[in-house]
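Asks: Handing over input_8.cif, mmCIF, C-alpha atoms and all ligand atoms.
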```
data_input
loop_
_atom_site.label_atom_id
_atom_site.label_comp_id
_atom_site.auth_asym_id
_atom_site.auth_seq_id
_atom_site.Cartn_x
_atom_site.Cartn_y
_atom_site.Cartn_z
CA MET A 1 -77.62 45.97 120.37
CA GLU A 2 -79.55 47.72 123.12
CA ASN A 3 -80.36 46.61 126.62
CA SER A 4 -83.03 48.01 128.92
CA GLY A 5 -82.74 48.55 132.63
CA SER A 6 -83.17 51.14 135.37
CA GLY A 7 -81.23 54.37 135.00
CA GLY A 8 -79.57 56.79 137.39
CA ARG A 9 -77.96 60.03 136.23
CA ARG A 10 -77.88 60.76 132.49
CA GLY A 11 -76.08 58.34 130.27
CA VAL A 12 -72.40 58.27 129.36
CA ILE A 13 -70.72 57.58 126.02
CA VAL A 14 -67.48 55.66 126.47
CA THR A 15 -65.37 55.43 123.32
CA GLY A 16 -62.97 52.50 123.23
CA GLY A 17 -65.27 50.96 125.78
CA VAL A 18 -64.65 47.29 125.04
CA SER A 19 -61.06 47.05 126.24
CA GLY A 20 -58.55 48.25 128.79
CA ILE A 21 -59.13 51.69 130.26
CA GLY A 22 -62.36 52.35 128.33
CA GLY A 23 -63.73 48.99 129.40
CA ALA A 24 -62.97 49.75 133.03
CA CYS A 25 -64.59 53.19 132.73
CA ALA A 26 -67.76 51.66 131.30
CA GLY A 27 -67.78 49.19 134.20
CA VAL A 28 -67.38 51.67 137.07
CA LEU A 29 -69.90 54.11 135.55
CA ALA A 30 -72.50 51.37 135.00
CA ALA A 31 -71.84 50.19 138.56
CA GLU A 32 -72.91 53.59 139.90
CA GLY A 33 -76.16 53.32 137.94
CA ARG A 34 -75.41 55.30 134.80
CA ALA A 35 -76.64 54.17 131.40
CA VAL A 36 -73.65 53.50 129.15
CA ALA A 37 -73.11 53.61 125.39
CA VAL A 38 -70.05 51.60 124.42
CA TRP A 39 -68.62 53.01 121.18
CA ASP A 40 -65.83 50.98 119.64
CA ILE A 41 -64.42 49.98 116.26
CA ASP A 42 -65.10 46.36 117.26
CA ALA A 43 -68.89 46.22 116.87
CA ALA A 44 -69.30 42.63 118.07
CA ARG A 45 -67.31 43.21 121.25
CA ALA A 46 -69.14 46.51 121.84
CA ALA A 47 -72.46 44.68 121.73
CA ALA A 48 -71.17 41.94 124.03
CA ALA A 49 -69.70 44.44 126.51
CA ALA A 50 -72.95 46.42 126.58
CA ALA A 51 -75.02 43.27 127.19
CA GLU A 52 -72.71 42.19 129.99
CA LEU A 53 -72.91 45.62 131.69
CA ALA A 54 -76.71 45.60 131.47
CA ALA A 55 -76.92 42.11 132.94
CA ARG A 56 -74.50 42.87 135.76
CA HIS A 57 -75.63 46.36 136.75
CA GLY A 58 -79.26 46.64 135.57
CA VAL A 59 -78.65 49.82 133.57
CA ARG A 60 -79.57 50.71 129.99
CA THR A 61 -76.69 50.09 127.64
CA VAL A 62 -75.97 50.01 123.95
CA GLY A 63 -72.98 48.79 121.97
CA ILE A 64 -72.22 50.75 118.81
CA GLY A 65 -69.62 49.90 116.19
CA ILE A 66 -67.89 53.03 114.92
CA ASP A 67 -64.51 53.77 113.37
CA LEU A 68 -63.44 57.04 114.95
CA CYS A 69 -60.64 57.52 112.41
CA SER A 70 -63.47 59.13 110.48
CA THR A 71 -66.00 61.65 111.74
CA ASP A 72 -68.64 60.34 109.33
CA GLY A 73 -70.37 57.98 111.76
CA ILE A 74 -70.61 60.33 114.73
CA ALA A 75 -74.04 61.87 114.05
CA ALA A 76 -75.66 58.45 113.53
CA ALA A 77 -73.97 57.03 116.63
CA VAL A 78 -75.21 59.95 118.74
CA ALA A 79 -78.75 59.51 117.40
CA ARG A 80 -78.65 55.78 118.16
CA THR A 81 -77.29 56.49 121.63
CA ARG A 82 -80.12 58.91 122.43
CA GLU A 83 -82.71 56.42 121.12
CA THR A 84 -81.43 53.56 123.20
CA ILE A 85 -80.03 54.84 126.49
CA GLY A 86 -81.90 58.17 126.65
CA ALA A 87 -80.40 61.51 127.60
CA ILE A 88 -76.62 61.86 127.33
CA GLY A 89 -74.84 63.66 130.16
CA ALA A 90 -71.19 62.71 129.81
CA LEU A 91 -68.47 61.50 127.48
CA VAL A 92 -65.26 59.57 128.10
CA HIS A 93 -62.97 59.52 125.06
CA ALA A 94 -60.78 56.47 125.69
CA ALA A 95 -60.53 55.09 122.14
CA GLY A 96 -56.93 55.22 121.08
CA VAL A 97 -54.11 53.61 119.18
CA SER A 98 -50.36 53.90 119.72
CA SER A 99 -48.92 52.40 116.47
CA PRO A 100 -45.31 53.55 117.08
CA VAL A 101 -43.57 54.95 113.98
CA PRO A 102 -40.37 56.98 114.55
CA LEU A 103 -39.63 60.18 112.63
CA ASP A 104 -37.53 58.62 109.87
CA ASP A 105 -40.34 56.23 108.88
CA LEU A 106 -43.26 58.58 109.49
CA THR A 107 -45.79 59.07 106.69
CA PRO A 108 -48.81 61.35 106.55
CA ALA A 109 -51.04 58.26 106.63
CA ALA A 110 -49.32 56.91 109.76
CA TRP A 111 -49.65 60.32 111.43
CA ASP A 112 -53.36 60.59 110.56
CA ALA A 113 -54.09 57.03 111.71
CA VAL A 114 -53.07 58.00 115.24
CA LEU A 115 -54.13 61.66 115.40
CA ASN A 116 -57.57 61.03 113.92
CA VAL A 117 -58.75 58.58 116.56
CA ASN A 118 -56.79 59.81 119.57
CA LEU A 119 -57.43 63.54 119.10
CA ARG A 120 -59.55 64.61 116.13
CA ALA A 121 -62.56 62.52 117.15
CA LEU A 122 -62.91 64.32 120.49
CA PRO A 123 -63.98 67.83 119.40
CA PHE A 124 -66.42 66.43 116.85
CA ILE A 125 -68.11 64.13 119.36
CA VAL A 126 -68.36 67.01 121.83
CA GLN A 127 -69.79 69.21 119.08
CA ALA A 128 -72.42 66.57 118.30
CA ILE A 129 -73.53 66.18 121.93
CA ARG A 130 -73.03 69.77 123.08
CA ALA A 131 -76.75 70.42 123.54
CA ASP A 132 -77.17 67.15 125.45
CA LEU A 133 -74.31 68.06 127.81
CA ALA A 134 -75.69 71.56 128.30
CA ALA A 135 -79.12 70.20 129.16
CA ALA A 136 -77.66 68.03 131.92
CA SER A 137 -77.14 69.64 135.31
CA ASP A 138 -73.79 67.86 135.60
CA GLY A 139 -72.58 67.63 131.99
CA ALA A 140 -68.92 66.62 131.88
CA VAL A 141 -66.27 65.21 129.54
CA VAL A 142 -63.03 63.35 130.19
CA GLY A 143 -60.38 62.73 127.55
CA ILE A 144 -57.82 60.03 128.19
CA ALA A 145 -54.45 61.63 127.45
CA SER A 146 -51.13 60.13 128.62
CA ILE A 147 -47.93 60.91 130.45
CA ASN A 148 -46.53 60.89 126.89
CA ALA A 149 -48.15 64.31 126.54
CA THR A 150 -45.30 65.50 128.77
CA LEU A 151 -42.47 62.98 128.28
CA GLY A 152 -40.46 63.12 125.06
CA ASN A 153 -40.67 59.76 123.27
CA ALA A 154 -38.74 59.30 120.03
CA ALA A 155 -40.51 56.03 119.32
CA ASN A 156 -43.84 57.64 118.74
CA PRO A 157 -44.10 61.31 117.71
CA ALA A 158 -47.68 61.01 116.45
CA TYR A 159 -48.92 59.45 119.70
CA THR A 160 -47.04 62.02 121.78
CA ALA A 161 -48.50 64.87 119.74
CA SER A 162 -52.02 63.46 119.96
CA LYS A 163 -51.82 63.39 123.74
CA GLY A 164 -50.18 66.80 124.11
CA GLY A 165 -52.80 68.15 121.75
CA MET A 166 -55.52 66.72 123.92
CA LEU A 167 -54.33 68.73 126.94
CA SER A 168 -54.46 71.96 124.91
CA LEU A 169 -57.79 71.02 123.35
CA VAL A 170 -59.28 70.37 126.79
CA ARG A 171 -58.29 73.88 127.91
CA SER A 172 -59.81 75.42 124.79
CA LEU A 173 -63.07 73.48 125.00
CA ALA A 174 -63.31 74.14 128.75
CA ASP A 175 -63.38 77.86 128.04
CA ASP A 176 -66.21 77.38 125.54
CA LEU A 177 -68.25 74.76 127.41
CA ALA A 178 -68.13 76.59 130.74
CA ALA A 179 -70.83 78.93 129.42
CA ASP A 180 -73.12 75.86 129.36
CA GLY A 181 -72.03 74.70 132.82
CA VAL A 182 -70.17 71.78 131.25
CA ARG A 183 -66.75 70.70 132.56
CA ILE A 184 -64.02 68.98 130.56
CA ASN A 185 -60.76 67.51 131.87
CA ALA A 186 -58.01 65.12 130.83
CA VAL A 187 -56.72 62.09 132.69
CA SER A 188 -53.12 61.15 131.91
CA PRO A 189 -52.40 57.52 132.75
CA GLY A 190 -48.91 56.18 133.24
CA GLN A 191 -48.15 52.58 132.28
CA ILE A 192 -51.43 50.67 132.69
CA ARG A 193 -51.75 46.94 132.18
CA THR A 194 -53.94 46.78 129.03
CA PRO A 195 -53.81 45.12 125.60
CA MET A 196 -52.21 48.32 124.26
CA LEU A 197 -49.27 48.10 126.65
CA GLN A 198 -48.86 44.32 126.57
CA PRO A 199 -46.66 44.14 123.41
CA VAL A 200 -44.26 46.62 125.03
CA LEU A 201 -44.18 44.59 128.25
CA ASP A 202 -43.50 41.46 126.18
CA ILE A 203 -40.30 42.84 124.63
CA LEU A 204 -38.82 44.83 127.51
CA PRO A 205 -36.87 43.22 130.35
CA PRO A 206 -39.11 42.67 133.42
CA GLY A 207 -39.24 45.57 135.86
CA VAL A 208 -38.08 48.33 133.49
CA PHE A 209 -41.11 50.52 134.11
CA GLU A 210 -41.56 49.50 137.75
CA ARG A 211 -38.04 50.67 138.68
CA ARG A 212 -38.88 54.22 137.71
CA ILE A 213 -42.41 54.39 139.17
CA LEU A 214 -42.50 55.65 142.78
CA LEU A 215 -45.23 53.15 143.75
CA GLY A 216 -43.12 50.39 142.17
CA ARG A 217 -45.78 48.79 139.99
CA LEU A 218 -47.83 49.20 136.83
CA GLY A 219 -51.37 50.57 137.11
CA GLU A 220 -54.59 48.66 136.56
CA PRO A 221 -57.35 49.97 134.25
CA VAL A 222 -59.81 50.35 137.13
CA GLU A 223 -57.40 52.78 138.83
CA ILE A 224 -57.82 55.10 135.84
CA ALA A 225 -61.57 54.49 135.73
CA ARG A 226 -61.93 55.62 139.35
CA ALA A 227 -60.23 58.91 138.50
CA VAL A 228 -62.57 59.32 135.53
CA ARG A 229 -65.59 58.58 137.74
CA PHE A 230 -64.41 61.29 140.14
CA LEU A 231 -63.99 63.89 137.38
CA LEU A 232 -67.51 63.15 136.09
CA SER A 233 -69.00 63.40 139.58
CA ALA A 234 -70.36 66.27 141.67
CA ASP A 235 -67.23 65.92 143.84
CA ALA A 236 -65.34 67.50 140.91
CA SER A 237 -67.84 70.35 140.46
CA TYR A 238 -65.13 73.06 140.53
CA ILE A 239 -62.61 71.18 138.36
CA THR A 240 -62.35 71.97 134.68
CA ALA A 241 -59.62 72.50 132.06
CA THR A 242 -57.12 70.46 134.01
CA GLU A 243 -54.98 67.33 133.68
CA LEU A 244 -55.16 64.66 136.36
CA VAL A 245 -52.01 62.54 136.16
CA VAL A 246 -52.62 58.98 137.39
CA ASP A 247 -49.23 57.31 137.01
CA GLY A 248 -48.16 55.95 140.41
CA GLY A 249 -45.45 58.64 140.50
CA ASN A 250 -43.81 58.31 137.09
CA ILE A 251 -43.31 61.72 135.54
CA SER A 252 -42.41 63.02 138.99
CA SER A 253 -39.73 60.33 139.45
CA GLN A 254 -35.98 60.87 139.32
CA ARG A 255 -35.26 57.17 139.85
CA MET A 256 -32.89 55.56 137.34
N1 LIG B 301 -52.31 51.40 128.62
C1 LIG B 301 -51.55 52.43 128.93
O1 LIG B 301 -50.48 52.26 129.55
C2 LIG B 301 -51.96 53.83 128.56
C3 LIG B 301 -51.19 54.88 129.06
C4 LIG B 301 -51.55 56.19 128.76
C5 LIG B 301 -52.67 56.43 127.97
N2 LIG B 301 -53.39 55.38 127.48
C6 LIG B 301 -54.55 55.72 126.65
O2 LIG B 301 -55.71 55.12 127.18
C7 LIG B 301 -56.66 54.92 126.13
C8 LIG B 301 -57.13 53.47 126.19
O3 LIG B 301 -56.01 52.63 125.90
P1 LIG B 301 -55.88 51.15 126.45
O4 LIG B 301 -54.53 51.02 127.01
O5 LIG B 301 -57.06 50.82 127.28
O6 LIG B 301 -55.86 50.38 125.06
P2 LIG B 301 -56.78 49.20 124.47
O7 LIG B 301 -56.11 48.86 123.18
O8 LIG B 301 -57.02 48.15 125.48
O9 LIG B 301 -58.16 49.94 124.19
C9 LIG B 301 -58.33 50.88 123.12
C10 LIG B 301 -59.74 50.73 122.59
O10 LIG B 301 -59.91 51.68 121.53
C11 LIG B 301 -60.60 51.04 120.46
N3 LIG B 301 -60.28 51.69 119.20
C12 LIG B 301 -59.09 51.68 118.56
N4 LIG B 301 -59.18 52.33 117.40
C13 LIG B 301 -60.46 52.76 117.29
C14 LIG B 301 -61.17 53.47 116.28
N5 LIG B 301 -60.57 53.85 115.12
N6 LIG B 301 -62.46 53.76 116.50
C15 LIG B 301 -63.08 53.35 117.63
N7 LIG B 301 -62.46 52.64 118.61
C16 LIG B 301 -61.16 52.36 118.43
C17 LIG B 301 -60.07 49.60 120.50
O11 LIG B 301 -60.90 48.69 119.80
C18 LIG B 301 -60.03 49.34 121.99
O12 LIG B 301 -61.25 48.83 122.48
C19 LIG B 301 -55.93 55.28 124.83
O13 LIG B 301 -56.28 56.59 124.45
C20 LIG B 301 -54.48 55.22 125.23
O14 LIG B 301 -53.68 56.06 124.42
C21 LIG B 301 -53.06 54.09 127.76
#
```
Once more with this new file: its structure as structure tokens, please.
Ligand SMILES: NC(=O)c1ccc[n+]([C@@H]2O[C@H](COP(=O)([O-])OP(=O)(O)OC[C@H]3O[C@@H](n4cnc5c(N)ncnc54)[C@H](O)[C@@H]3O)[C@@H](O)[C@H]2O)c1
Replies:
Amino acid sequence: MENSGSGGRRGVIVTGGVSGIGGACAGVLAAEGRAVAVWDIDAARAAAAAAELAARHGVRTVGIGIDLCSTDGIAAAVARTRETIGAIGALVHAAGVSSPVPLDDLTPAAWDAVLNVNLRALPFIVQAIRADLAAASDGAVVGIASINATLGNAANPAYTASKGGMLSLVRSLADDLAADGVRINAVSPGQIRTPMLQPVLDILPPGVFERRILLGRLGEPVEIARAVRFLLSADASYITATELVVDGGNISSQRM
């Protein structure tokens, strides 16, 4: 599904762009005039999200169904993105799964199911669009990590490792991509009200997270998207290889 419209800066690929944080990122980037490619495992919702963004913001969009557990579809998705929205200048990797499995029940398949989408997809997408990013004057990448990269969480070792790995990966790729003038950073959200978090909210007593968070509330997806927009913008021209924590004061909290 592709949708034509006027463009601004080069286009952005947003993985996981139909829901939650990825959906909000696609929205704020389209709102500032960027063409957007919504990549998501849910092809129908990707097409619908892309059509809605095009109608609302008058930018070129495309919705592409892709399962990022595998790297097989990346080259074709990049080709389709170039054909439909034009030059690619940025990537937001927001596709992710949490699928909590504690150590005693962990299997290699459960580990791979989380690591492959949350972490392994990122370097291979960047590899596939490296020349596009280098050709842009403001090429930039943001990976959505998590405060779980820093906080120990027995419920979910694979998720925690995928997010910690993303912080290290960002530093490694930043060293490489800097030669092309391309920046890459991570955003680490705290607890954000999305479909991923909702099952946790449904089983925990009300206010458990809020008590700990200095600002006293959960975050909204658009509050992460604004941080992503900043890191992709010229205002962040001297920022690379870093982690921007957007958690309302969670990992810095000593509240009980
Ligand atoms: N919600 C939070 O509190 C929170 C906190 C920290 C980090 N994060 C991270 O933010 C990112 C977005 O999460 P969210 O909360 O918006 O969740 P979400 O479930 O609303 O969105 C995740 C998106 O990823 C897509 N996706 C899942 N598996 C995929 C696959 N194999 N291939 C392609 N797309 C796939 C889903 O279809 C969905 O659209 C994730 O990386 C998550 O780990 C979320």
Asks: Which residues, written as a PDB file with C-alpha atoms, keeping the file's coordinate frame, have at least one atom at most 12 Å from A:Ala234, with all atoms listed in the file counted and residues fewer than 2 positions away on the same chain left out?
Replies:
```pdb
ATOM      1  CA  ARG A   9     -77.960  60.030 136.230  1.00  0.00           C
ATOM      2  CA  SER A 137     -77.140  69.640 135.310  1.00  0.00           C
ATOM      3  CA  ASP A 138     -73.790  67.860 135.600  1.00  0.00           C
ATOM      4  CA  GLY A 139     -72.580  67.630 131.990  1.00  0.00           C
ATOM      5  CA  ALA A 140     -68.920  66.620 131.880  1.00  0.00           C
ATOM      6  CA  VAL A 182     -70.170  71.780 131.250  1.00  0.00           C
ATOM      7  CA  ARG A 183     -66.750  70.700 132.560  1.00  0.00           C
ATOM      8  CA  ARG A 229     -65.590  58.580 137.740  1.00  0.00           C
ATOM      9  CA  PHE A 230     -64.410  61.290 140.140  1.00  0.00           C
ATOM     10  CA  LEU A 231     -63.990  63.890 137.380  1.00  0.00           C
ATOM     11  CA  LEU A 232     -67.510  63.150 136.090  1.00  0.00           C
ATOM     12  CA  ALA A 236     -65.340  67.500 140.910  1.00  0.00           C
ATOM     13  CA  SER A 237     -67.840  70.350 140.460  1.00  0.00           C
ATOM     14  CA  TYR A 238     -65.130  73.060 140.530  1.00  0.00           C
ATOM     15  CA  ILE A 239     -62.610  71.180 138.360  1.00  0.00           C
TER      16      ILE A 239
END
```
Asks: Give me, please, the distance in Å between atom CA of A:Val187 and atom CA of A:Trp111, quoted to one decimal.
Replies: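 About the pair atom CA of A:Val187 and atom CA of A:Trp111: they are 22.5 Å apart.
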Asks: Neighbours of ligand LIG 301 (chain B) within 6 Å, counting only C-alpha atoms and all ligand atoms, as number ranges by chain?
Replies: A: 16-22, 40-42, 66-69, 94-97, 117-118, 144-146, 189-197
Asks: Taking 6 positions as the minimum chain separation for residues in the same chain, which residues sit within 7 Å of stretch 121-130 of chain A when counting all atoms listed in the file? Answer as a ChimeraX atom specification.
Replies: /A:68,71,74-75,93
Asks: With distances taken over all atoms listed in the file, which of A:Gly143, A:Pro157, A:Gly63, A:Gly73 is nearest to A:Val92?
Replies: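 Of A:Gly143, A:Pro157, A:Gly63, A:Gly73, the one nearest A:Val92 is A:Gly143, counting all atoms listed in the file.
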Asks: Adding 6 Å on each side of the box along x, y and z that holds all listed atoms of stretch 227-236 of chain A, could you give its centre and edge lengths in Å to one decimal, as lines of an AutoDock Vina configuration file?
Replies:
```
center_x = -65.3
center_y = 63.0
center_z = 139.7
size_x = 22.1
size_y = 20.9
size_z = 20.3
```
Asks: Which one is closest to A:Ala26: A:Leu115, A:Ala135, A:Val141, A:Val14? Count all atoms listed in the file.
Replies: A:Val14
Asks: Go through A:His57, A:Ala44, A:Ala186, A:Val246 one by one, measure the shortest atom-to-atom distance of each to A:Glu32 using all atoms listed in the file, and give the residue with the smallest value.
Replies: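 Among the listed residues, the smallest separation from A:Glu32 belongs to A:His57.
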Asks: Return the single residue from A:Gly11, A:Gly23, A:Pro199, A:Gly86 that is closest to A:Ala48, with distances computed using all atoms listed in the file.
Replies: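 Looking at the shortest contact to A:Ala48, the residue is A:Gly23.
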Asks: Between A:Ile251, A:Ala49, A:Ile85, A:Ala149, which has the minimum distance to A:Ser168 (counting all atoms listed in the file)?
Replies: A:Ala149
Asks: Please, which residues are within 12 Å of (-51.2, 58.9, 112.7) by the file's coordinates, counting all atoms listed in the file, and could they come as an MDAnalysis selection string?
Replies: chainID A and resid 69 96:103 105:120 156:163
Asks: My list of candidates is A:Val142, A:Ile88, A:Leu177, A:Arg226. Which is closest to A:Val28 when distances are computed with only C-alpha atoms?
Replies: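 When distances to A:Val28 are compared using only C-alpha atoms, the smallest one comes from A:Arg226.
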Asks: Just give me the gap between atom CA of A:Thr15 and atom CA of A:Gly249 in Å, one decimal is fine.
Replies: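 Distance between the two atoms: 26.5 Å.
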Asks: Work out how far apart atom CA of A:Ala154 and atom CA of A:Gly216 are and give it in Å to one decimal.
Replies: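 For atom CA of A:Ala154 relative to atom CA of A:Gly216, the distance reads 24.3 Å.
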Asks: As number ranges by chain, please: the residues near A:Ala30 (cut-off 9 Å, all atoms listed in the file, same-chain neighbours under 2 positions excluded).
Replies: A: 12, 25-28, 32-36, 53-54, 56-61
Asks: Hey, what's within 9 Å of A:Arg212 if we count all atoms listed in the file and toss same-chain stuff fewer than 4 positions away? As a list in words, please?
Replies: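 Residues meeting the cut-off are Gly207, Val208, Gly216, Gly249, Asn250, Ile251, Ser253, Gln254, Arg255 and Met256 of chain A.
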